[in-house]
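> To be precise about what I am sending: the file is called target-v3.txt and holds compact mmCIF, C-alpha atoms and all ligand atoms.
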```txt
# COMPACT_ATOMS: atom_id res chain seq x y z
CA MET A 11 -8.33 -7.66 15.72
CA ARG A 12 -7.82 -7.34 11.97
CA ILE A 13 -6.33 -4.36 10.20
CA ALA A 14 -5.08 -3.42 6.76
CA PHE A 15 -1.87 -1.40 6.97
CA THR A 16 -1.48 1.36 4.37
CA MET A 17 1.01 4.12 3.61
CA ASP A 18 0.57 7.66 2.28
CA ASP A 19 2.83 10.09 0.44
CA LEU A 20 5.13 7.76 -1.46
CA PRO A 21 7.88 8.70 -2.26
CA VAL A 22 8.26 11.56 0.23
CA TYR A 23 6.18 13.25 2.90
CA PRO A 24 5.62 16.76 1.50
CA HIS A 25 5.31 18.82 4.69
CA LEU A 26 8.84 18.50 6.10
CA ALA A 27 12.06 17.71 4.26
CA LEU A 28 13.82 14.54 5.37
CA PRO A 29 16.65 14.91 7.88
CA GLU A 30 20.27 14.52 6.87
CA GLY A 31 21.22 10.92 6.21
CA TYR A 32 17.81 9.93 4.83
CA THR A 33 16.56 9.91 1.24
CA PRO A 34 13.17 8.92 -0.16
CA ALA A 35 14.83 5.71 -1.41
CA SER A 36 16.43 4.88 1.96
CA VAL A 37 13.18 5.51 3.86
CA ALA A 38 11.18 3.35 1.43
CA ASP A 39 13.84 0.61 1.59
CA SER A 40 13.76 0.54 5.40
CA ILE A 41 9.97 0.31 5.39
CA ILE A 42 10.02 -2.44 2.76
CA ALA A 43 12.58 -4.37 4.84
CA GLY A 44 10.58 -3.96 8.06
CA LEU A 45 7.37 -5.14 6.40
CA HIS A 46 9.20 -8.06 4.79
CA ARG A 47 10.76 -9.18 8.08
CA HIS A 48 7.30 -9.59 9.59
CA LYS A 49 5.69 -10.96 6.43
CA VAL A 50 3.37 -8.02 5.98
CA GLU A 51 2.38 -8.16 2.32
CA GLY A 52 0.43 -6.13 -0.21
CA VAL A 53 0.66 -2.78 1.60
CA TYR A 54 -0.90 -0.04 -0.55
CA ALA A 55 1.21 3.10 -0.79
CA PHE A 56 -0.84 6.08 -1.91
CA ALA A 57 1.54 8.04 -4.08
CA ASN A 58 2.03 11.58 -5.34
CA SER A 59 3.51 12.10 -8.77
CA TRP A 60 5.02 15.61 -8.28
CA PRO A 61 8.45 14.20 -7.38
CA LEU A 62 8.71 12.72 -10.89
CA ASP A 63 8.69 16.31 -12.24
CA VAL A 64 11.50 17.32 -9.91
CA ASP A 65 13.65 14.21 -10.35
CA PRO A 66 12.77 11.42 -12.80
CA GLN A 67 14.95 9.09 -10.69
CA THR A 68 12.03 8.98 -8.26
CA ALA A 69 10.65 6.27 -10.52
CA THR A 70 13.12 3.86 -8.91
CA VAL A 71 11.37 4.33 -5.53
CA PHE A 72 8.02 3.39 -7.09
CA ASP A 73 9.70 0.43 -8.81
CA ALA A 74 11.21 -0.75 -5.51
CA TRP A 75 7.82 -0.60 -3.76
CA ILE A 76 6.16 -2.61 -6.54
CA SER A 77 9.04 -5.09 -6.76
CA ALA A 78 8.60 -5.81 -3.06
CA GLY A 79 5.03 -6.92 -3.85
CA HIS A 80 3.24 -3.80 -2.59
CA PRO A 81 0.69 -1.93 -4.75
CA ILE A 82 0.47 1.79 -5.44
CA GLY A 83 -2.67 3.94 -5.29
CA ASN A 84 -3.44 7.50 -6.44
CA HIS A 85 -2.99 10.26 -3.83
CA THR A 86 -3.07 13.14 -6.39
CA HIS A 87 -0.18 14.76 -8.24
CA SER A 88 0.81 17.60 -5.89
CA HIS A 89 -1.04 16.81 -2.66
CA PRO A 90 -3.50 19.75 -2.81
CA LEU A 91 -5.92 20.09 0.09
CA LEU A 92 -9.53 20.02 -1.09
CA ASN A 93 -10.48 22.63 1.54
CA ASP A 94 -8.12 25.13 -0.12
CA VAL A 95 -8.45 24.57 -3.87
CA SER A 96 -11.32 24.51 -6.37
CA GLY A 97 -12.96 21.25 -7.34
CA ASP A 98 -11.65 21.72 -10.90
CA ALA A 99 -8.06 22.18 -9.72
CA PHE A 100 -8.30 19.12 -7.49
CA ILE A 101 -9.79 17.03 -10.30
CA ALA A 102 -7.01 18.09 -12.69
CA ASP A 103 -4.49 17.04 -10.05
CA ILE A 104 -6.07 13.57 -9.75
CA THR A 105 -5.95 13.19 -13.53
CA ALA A 106 -2.28 14.25 -13.64
CA ALA A 107 -1.38 11.55 -11.10
CA ASP A 108 -3.54 9.03 -12.95
CA GLU A 109 -1.47 9.63 -16.09
CA LEU A 110 2.00 9.97 -14.53
CA LEU A 111 1.61 7.00 -12.18
CA LYS A 112 -0.04 4.77 -14.79
CA PRO A 113 2.85 2.29 -15.11
CA TRP A 114 2.60 1.55 -11.38
CA LEU A 115 -1.15 2.02 -10.83
CA ASP A 116 -1.84 -0.52 -13.56
CA ARG A 117 -0.09 -3.20 -11.53
CA ALA A 118 -2.31 -2.82 -8.46
CA PRO A 119 -5.03 -5.42 -7.87
CA GLN A 120 -7.57 -2.61 -7.46
CA LYS A 121 -7.56 1.07 -8.51
CA LEU A 122 -7.70 2.95 -5.21
CA PHE A 123 -7.66 6.65 -4.39
CA ARG A 124 -6.99 8.43 -1.11
CA HIS A 125 -7.85 12.10 -0.55
CA PRO A 126 -4.89 14.14 0.85
CA LEU A 127 -5.48 14.60 4.60
CA ASN A 128 -8.64 12.52 4.04
CA LEU A 129 -10.52 15.71 3.14
CA TRP A 130 -13.69 14.86 1.22
CA GLY A 131 -14.77 18.36 0.22
CA ASN A 132 -15.87 21.35 2.28
CA THR A 133 -18.66 22.23 -0.16
CA GLU A 134 -21.26 19.98 -1.74
CA ALA A 135 -20.18 21.11 -5.22
CA LYS A 136 -16.57 20.02 -4.61
CA ARG A 137 -17.50 16.79 -2.87
CA SER A 138 -19.86 15.58 -5.58
CA ALA A 139 -17.64 16.69 -8.50
CA VAL A 140 -14.60 14.95 -7.00
CA ASN A 141 -16.54 11.78 -6.20
CA ALA A 142 -17.87 11.67 -9.77
CA HIS A 143 -14.37 12.15 -11.17
CA ILE A 144 -12.89 9.43 -8.97
CA ALA A 145 -15.62 7.04 -10.13
CA ARG A 146 -15.19 8.05 -13.78
CA LEU A 147 -11.50 7.12 -13.63
CA GLY A 148 -12.40 3.78 -12.06
CA TYR A 149 -11.15 4.44 -8.54
CA THR A 150 -12.58 3.31 -5.23
CA PRO A 151 -11.81 5.78 -2.44
CA ALA A 152 -10.06 4.26 0.60
CA ASP A 153 -10.17 6.15 3.90
CA VAL A 154 -8.41 5.49 7.23
CA THR A 155 -9.68 4.36 10.65
CA SER A 156 -6.39 4.70 12.59
CA PHE A 157 -3.92 7.56 12.56
CA PHE A 158 -0.74 6.85 14.49
CA PHE A 159 0.28 10.54 14.19
CA GLU A 160 3.78 9.38 13.30
CA TRP A 161 4.33 12.67 11.46
CA GLU A 162 4.08 14.37 14.87
CA TRP A 163 6.31 11.73 16.50
CA ASP A 164 8.77 12.27 13.65
CA ARG A 165 8.97 16.00 14.43
CA ALA A 166 9.23 15.32 18.17
CA TRP A 167 12.02 12.77 17.63
CA ARG A 168 13.92 15.07 15.29
CA TRP A 169 13.60 18.01 17.64
CA LEU A 170 14.95 15.94 20.54
CA MET A 171 17.87 14.78 18.36
CA GLN A 172 18.56 18.35 17.20
CA THR A 173 18.63 19.58 20.78
CA GLY A 174 20.97 16.81 21.94
CA LYS A 175 18.38 14.85 23.92
CA THR A 176 19.26 11.54 22.31
CA THR A 177 18.16 9.30 25.19
CA GLU A 178 14.73 10.91 25.25
CA ALA A 179 14.61 10.67 21.44
CA GLU A 180 15.39 6.96 21.54
CA ALA A 181 12.73 6.38 24.22
CA LEU A 182 10.08 7.82 21.89
CA LYS A 183 10.42 4.76 19.67
CA SER A 184 9.11 2.24 22.21
CA GLU A 185 6.56 4.78 23.51
CA PHE A 186 5.28 5.08 19.94
CA VAL A 187 4.89 1.31 19.52
CA ASP A 188 2.95 1.11 22.82
CA PHE A 189 0.81 4.06 21.72
CA CYS A 190 -0.09 2.38 18.40
CA ILE A 191 -1.49 -0.68 20.18
CA VAL A 192 -3.63 1.46 22.49
CA GLN A 193 -4.80 3.61 19.58
CA LEU A 194 -5.81 0.61 17.45
CA ALA A 195 -7.95 -0.75 20.29
CA TYR A 196 -9.56 2.66 20.80
CA ASP A 197 -10.29 3.11 17.09
CA GLN A 198 -11.76 -0.37 16.92
CA LYS A 199 -14.07 0.46 19.80
CA CYS A 200 -15.17 3.69 18.07
CA CYS A 201 -15.80 1.80 14.81
CA ARG A 202 -17.96 -0.72 16.65
CA GLU A 203 -20.02 2.17 18.08
CA VAL A 204 -20.43 3.85 14.70
CA PHE A 205 -20.98 0.81 12.46
CA GLY A 206 -22.58 -1.59 14.93
CA HIS A 207 -20.07 -4.36 14.27
CA ASP A 208 -16.32 -5.00 14.27
CA VAL A 209 -14.81 -3.70 11.06
CA THR A 210 -11.38 -4.51 9.71
CA GLY A 211 -9.52 -1.29 10.48
CA ILE A 212 -7.39 0.66 8.03
CA ALA A 213 -4.21 1.97 9.64
CA LEU A 214 -1.93 4.55 8.09
CA GLY A 215 1.78 5.32 8.06
CA HIS A 216 3.79 7.96 6.19
CA PHE A 217 7.21 7.89 4.56
CA VAL A 218 8.94 9.86 7.32
CA ALA A 219 12.33 9.04 8.85
CA PHE A 220 10.82 8.12 12.23
CA LEU A 221 8.62 5.43 10.69
CA ALA A 222 11.65 4.02 8.86
CA GLU A 223 13.25 3.70 12.32
CA VAL A 224 10.29 2.05 14.04
CA VAL A 225 8.53 0.01 11.37
CA ASP A 226 10.39 -3.19 12.34
CA PRO A 227 9.53 -3.11 16.07
CA LEU A 228 6.01 -1.87 15.27
CA MET A 229 5.24 -4.74 12.89
CA GLY A 230 6.81 -7.21 15.34
CA ARG A 231 4.62 -5.89 18.13
CA LEU A 232 1.45 -6.05 16.01
CA ARG A 233 2.29 -9.70 15.32
CA ARG A 234 2.94 -10.46 18.99
CA GLU A 235 -0.34 -8.83 19.97
CA GLY A 236 -2.06 -11.25 17.59
CA ILE A 237 -3.31 -8.46 15.33
CA GLU A 238 -4.03 -9.92 11.92
CA ILE A 239 -2.78 -7.78 9.04
CA VAL A 240 -4.87 -8.32 5.91
CA PRO A 241 -4.91 -6.88 2.37
CA LEU A 242 -6.78 -3.59 2.00
CA ALA A 243 -9.27 -5.22 -0.41
CA GLU A 244 -10.42 -7.45 2.43
CA ALA A 245 -11.15 -4.45 4.65
CA LEU A 246 -12.91 -2.59 1.84
CA ALA A 247 -15.24 -5.54 1.19
CA ASP A 248 -17.16 -4.48 4.33
CA PRO A 249 -20.15 -2.28 3.36
CA ALA A 250 -19.16 -0.07 6.33
CA TYR A 251 -16.64 1.51 3.94
CA GLU A 252 -19.23 2.50 1.33
CA ARG A 253 -19.69 5.91 2.95
CA VAL A 254 -16.25 7.29 2.07
CA GLY A 255 -16.78 10.78 0.65
CA SER A 256 -20.47 10.69 1.60
CA LEU A 257 -20.68 14.02 3.40
CA VAL A 258 -19.43 17.57 3.28
CA THR A 259 -16.70 18.11 5.84
CA SER A 260 -13.60 20.24 6.28
CA SER A 261 -12.23 18.09 9.10
CA PHE A 262 -8.92 16.27 9.16
CA GLN A 263 -10.29 13.20 10.93
CA VAL A 264 -10.39 9.42 10.59
CA TYR A 265 -13.33 7.82 8.81
CA GLN A 266 -15.51 6.88 11.80
CA GLN A 267 -14.85 10.28 13.38
CA LYS A 268 -16.19 12.15 10.35
CA LEU A 269 -19.31 9.97 10.17
CA SER A 270 -19.91 10.20 13.91
CA ALA A 271 -19.48 13.99 13.92
CA ALA A 272 -22.06 14.31 11.12
CA ALA A 273 -24.44 12.26 13.26
CA GLY A 274 -23.93 14.71 16.11
CA LYS A 275 -21.33 12.91 18.22
CA GLU A 276 -17.73 14.10 18.23
CA LEU A 277 -15.17 11.37 18.95
CA ALA A 278 -11.75 12.22 20.39
CA SER A 279 -8.86 11.72 17.96
CA VAL A 280 -6.61 10.11 20.55
CA ALA A 281 -7.40 7.29 22.98
CA PRO A 282 -8.23 8.95 26.34
CA SER A 283 -5.44 7.04 28.12
CA SER A 284 -2.87 8.46 25.64
CA LYS A 285 -4.02 12.07 25.96
CA ASP A 286 -1.16 13.27 28.16
CA LEU A 287 1.45 11.37 26.17
CA MET A 288 0.24 12.92 22.91
CA LYS A 289 0.14 16.37 24.48
CA ARG A 290 3.86 15.95 25.19
CA VAL A 291 4.56 14.64 21.67
CA PHE A 292 2.65 17.51 20.03
CA ALA A 293 4.51 20.03 22.21
CA LEU A 294 7.88 18.52 21.27
CA ALA A 295 6.85 18.56 17.60
CA GLU A 296 5.82 22.23 17.69
CA PRO A 297 9.14 23.82 16.59
CA LEU A 298 9.20 21.69 13.41
CA ARG A 299 5.51 22.01 12.55
CA PRO A 300 4.63 24.03 9.42
CA ALA A 301 2.96 27.36 10.14
CA ARG A 302 -0.23 26.14 8.48
CA ARG A 303 -1.61 22.59 8.42
CA GLY A 304 -0.79 20.88 5.17
CA GLN A 305 1.76 23.48 4.09
CA LEU A 306 4.01 21.98 1.44
CA VAL A 307 7.80 22.15 1.27
CA GLN A 308 8.00 20.13 -1.94
CA ASN A 309 8.61 22.90 -4.44
CA LYS A 310 11.42 24.45 -2.47
CA ARG A 311 13.33 21.33 -1.58
CA GLY A 312 12.32 18.67 -4.06
CA PRO A 313 12.34 14.99 -3.27
CA ASN A 314 16.07 14.72 -2.56
CA PRO A 315 16.96 17.69 -0.38
ZN ZN A 401 -0.91 12.57 2.11
```
Mind converting the file's structure to structure tokens?

Amino acid sequence: MRIAFTMDDLPVYPHLALPEGYTPASVADSIIAGLHRHKVEGVYAFANSWPLDVDPQTATVFDAWISAGHPIGNHTHSHPLLNDVSGDAFIADITAADELLKPWLDRAPQKLFRHPLNLWGNTEAKRSAVNAHIARLGYTPADVTSFFFEWEWDRAWRWLMQTGKTTEAEALKSEFVDFCIVQLAYDQKCCREVFGHDVTGIALGHFVAFLAEVVDPLMGRLRREGIEIVPLAEALADPAYERVGSLVTSSFQVYQQKLSAAAGKELASVAPSSKDLMKRVFALAEPLRPARRGQLVQNKRGPNP
């Protein structure tokens, strides 16, 4: 199996402030170190520029990512959700990130854009206006074929730590690594059904504390399983990825799921054999989940809470 590994929300996941003892810089450094240890190179981090407004020092996190040999892509300025805002507001947000992130975007081999929560537009007017704007600025949109739901695992892990269940919290780390392998195989199978051939998958991680903790064992396990990790450009060369942003949808789903749903067949988000495990993880995550999906904490806490 071949995958490209990508990251979203550099320098800081906007939906839950980092726990004590972690900073955007420390999380990025841990992830850089884990990738380096397993020779995983050229990992695109799709970045938001809002933290530069709150603290100009954030630039050092972008610099560190680039210095480690990883490119940066545009993930909008303030992480608006296209379901909730006008096309014009979303477009202005893309342009703001394009300008503020220019020093780093210019160093990427390819200008890539990722929609926040992979939302392509819940009306035709928004979808087509945003697509046209992305193209006008020279971006190729890059979607995702594998969610690891590490933002949910992060909440579950933190809740267990907060409630003194440290053994159970620690156990989540190896359960997560096992889950990722099962999920990758499931997503690959779904892609084969939807596209008619094996595609190079695009997996996603976020800059949350839990991923900083598990990135080293996760990358080691991917290597041991013989999963080949390739640059994102290699994955995107497959015409299967030409349908990013091709249909109106309000769903927070991976790429093949959105296409399959539009063709009349809903695919489960989670591998059937992991259903019970993920039920437990989602339940543990519940107390730390924002009241509304995609709710932002950024303006209250800033990037260095
Ligand atoms: Zn995001």
> Residues of range 216-274 of chain A that approach range 82-96 of chain A to 10 Å or less, counting only C-alpha atoms: could you list each one with the shortest pair of atoms and its distance in Å to one decimal, rows by chain and increasing residue number, as a tab-separated table?

```
residue	atom	partner	partner_atom	distance
A:Thr259	CA	A:Asn93	CA	8.8
A:Ser260	CA	A:Asn93	CA	6.2
A:Ser261	CA	A:Asn93	CA	9.0
```
> 6 Å from ligand ZN 401 (chain A) is the threshold here; counting all atoms listed in the file, which polymer residues fall inside it? Answer as a list of chain:residue names.
A:Asp18, A:Asp19, A:Pro126, A:Leu127
> Between CA of Asp188 in chain A and CA of Glu160 in chain A, what distance in Å does the model show, to one decimal?
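Separating CA of Asp188 in chain A from CA of Glu160 in chain A is a distance of 12.6 Å.
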> Any idea what's packed within 10 Å of Arg165 in chain A, counting all atoms listed in the file, ignoring anything in its chain fewer than 5 positions away? Could you give it as an MDAnalysis selection string?
chainID A and resid 26 160 170:171 218:220 291:299
> With only C-alpha atoms as the atoms that count, which of A:Pro151, A:Pro66, A:Gly206, A:Gly274 lies nearest to Arg124 in chain A?
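Among A:Pro151, A:Pro66, A:Gly206, A:Gly274, it is A:Pro151 that comes nearest to Arg124 in chain A.
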> Go through A:Pro241, A:Gly215, A:Pro21, A:Gly148 and flag the residue nearest Thr68 in chain A, using all atoms listed in the file for the distances.
A:Pro21
> Using Å and a single decimal, report how far CA of Lys268 in chain A sits from CA of Arg137 in chain A.
14.1 Å
> Quick one: axis-aligned box around all listed atoms of range 207-216 of chain A, 4 Å on every side, centre and edge lengths in Å to one decimal, written as lines of an AutoDock Vina configuration file.

```
center_x = -8.1
center_y = 1.5
center_z = 10.2
size_x = 31.9
size_y = 21.0
size_z = 16.1
```
> By how many Å are CA of Ala38 in chain A and CA of Trp167 in chain A apart?
18.8 Å
> Restricting the calculation to only C-alpha atoms: of A:Val22, A:Met288, A:Ile76, A:Leu129, which residue gets closest to Phe262 in chain A?
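Of A:Val22, A:Met288, A:Ile76, A:Leu129, the one nearest Phe262 in chain A is A:Leu129, counting only C-alpha atoms.
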> Could you check the closest approach to Glu238 in chain A for each of A:Asn132, A:Ser59, A:Thr210, A:Ser36 and tell me which residue wins, using all atoms listed in the file?
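Checking each candidate against Glu238 in chain A, we get A:Thr210 as the closest.
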> N, CA, C and O atoms for range 202-222 of chain A, written as a compact mmCIF listing (two decimals), in the frame of the given file, could you do that?

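Listed below is the output, rebuild-v9.txt:
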```txt
# COMPACT_ATOMS: atom_id res chain seq x y z
N ARG A 202 -16.86 0.15 16.23
CA ARG A 202 -17.96 -0.72 16.65
C ARG A 202 -19.17 0.15 17.03
O ARG A 202 -20.31 -0.17 16.69
N GLU A 203 -18.92 1.26 17.70
CA GLU A 203 -20.02 2.17 18.08
C GLU A 203 -20.69 2.76 16.84
O GLU A 203 -21.91 2.88 16.77
N VAL A 204 -19.88 3.15 15.87
CA VAL A 204 -20.43 3.85 14.70
C VAL A 204 -21.10 2.89 13.72
O VAL A 204 -22.15 3.19 13.17
N PHE A 205 -20.48 1.71 13.50
CA PHE A 205 -20.98 0.81 12.46
C PHE A 205 -21.81 -0.35 13.02
O PHE A 205 -22.42 -1.10 12.25
N GLY A 206 -21.76 -0.54 14.33
CA GLY A 206 -22.58 -1.59 14.93
C GLY A 206 -21.96 -2.98 14.85
O GLY A 206 -22.59 -3.95 15.25
N HIS A 207 -20.77 -3.07 14.30
CA HIS A 207 -20.07 -4.36 14.27
C HIS A 207 -18.57 -4.10 14.18
O HIS A 207 -18.14 -2.98 13.91
N ASP A 208 -17.78 -5.15 14.39
CA ASP A 208 -16.32 -5.00 14.27
C ASP A 208 -15.96 -4.89 12.80
O ASP A 208 -16.33 -5.75 12.00
N VAL A 209 -15.28 -3.82 12.44
CA VAL A 209 -14.81 -3.70 11.06
C VAL A 209 -13.30 -3.96 11.04
O VAL A 209 -12.62 -3.79 12.05
N THR A 210 -12.82 -4.41 9.89
CA THR A 210 -11.38 -4.51 9.71
C THR A 210 -10.85 -3.09 9.56
O THR A 210 -11.27 -2.37 8.65
N GLY A 211 -10.01 -2.67 10.48
CA GLY A 211 -9.52 -1.29 10.48
C GLY A 211 -8.57 -1.02 9.33
O GLY A 211 -8.03 -1.95 8.72
N ILE A 212 -8.39 0.26 9.03
CA ILE A 212 -7.39 0.66 8.03
C ILE A 212 -6.43 1.63 8.71
O ILE A 212 -6.80 2.75 9.05
N ALA A 213 -5.21 1.15 8.97
CA ALA A 213 -4.21 1.97 9.64
C ALA A 213 -3.32 2.64 8.60
O ALA A 213 -3.22 2.18 7.46
N LEU A 214 -2.70 3.71 9.03
CA LEU A 214 -1.93 4.55 8.09
C LEU A 214 -0.55 4.90 8.63
O LEU A 214 -0.40 5.25 9.80
N GLY A 215 0.44 4.81 7.76
CA GLY A 215 1.78 5.32 8.06
C GLY A 215 2.23 6.25 6.94
O GLY A 215 1.65 6.24 5.86
N HIS A 216 3.23 7.07 7.22
CA HIS A 216 3.79 7.96 6.19
C HIS A 216 5.28 7.68 6.01
O HIS A 216 5.94 7.13 6.90
N PHE A 217 5.80 8.12 4.87
CA PHE A 217 7.21 7.89 4.56
C PHE A 217 8.08 8.96 5.23
O PHE A 217 8.70 9.78 4.56
N VAL A 218 8.08 8.94 6.55
CA VAL A 218 8.94 9.86 7.32
C VAL A 218 10.06 9.05 7.95
O VAL A 218 9.96 7.82 8.11
N ALA A 219 11.15 9.73 8.33
CA ALA A 219 12.33 9.04 8.85
C ALA A 219 11.99 8.24 10.11
O ALA A 219 12.50 7.13 10.30
N PHE A 220 11.15 8.80 10.96
CA PHE A 220 10.82 8.12 12.23
C PHE A 220 10.17 6.77 11.96
O PHE A 220 10.49 5.78 12.62
N LEU A 221 9.27 6.71 10.97
CA LEU A 221 8.62 5.43 10.69
C LEU A 221 9.63 4.42 10.14
O LEU A 221 9.55 3.23 10.44
N ALA A 222 10.59 4.92 9.35
CA ALA A 222 11.65 4.02 8.86
C ALA A 222 12.40 3.40 10.04
O ALA A 222 12.81 2.24 9.99
```
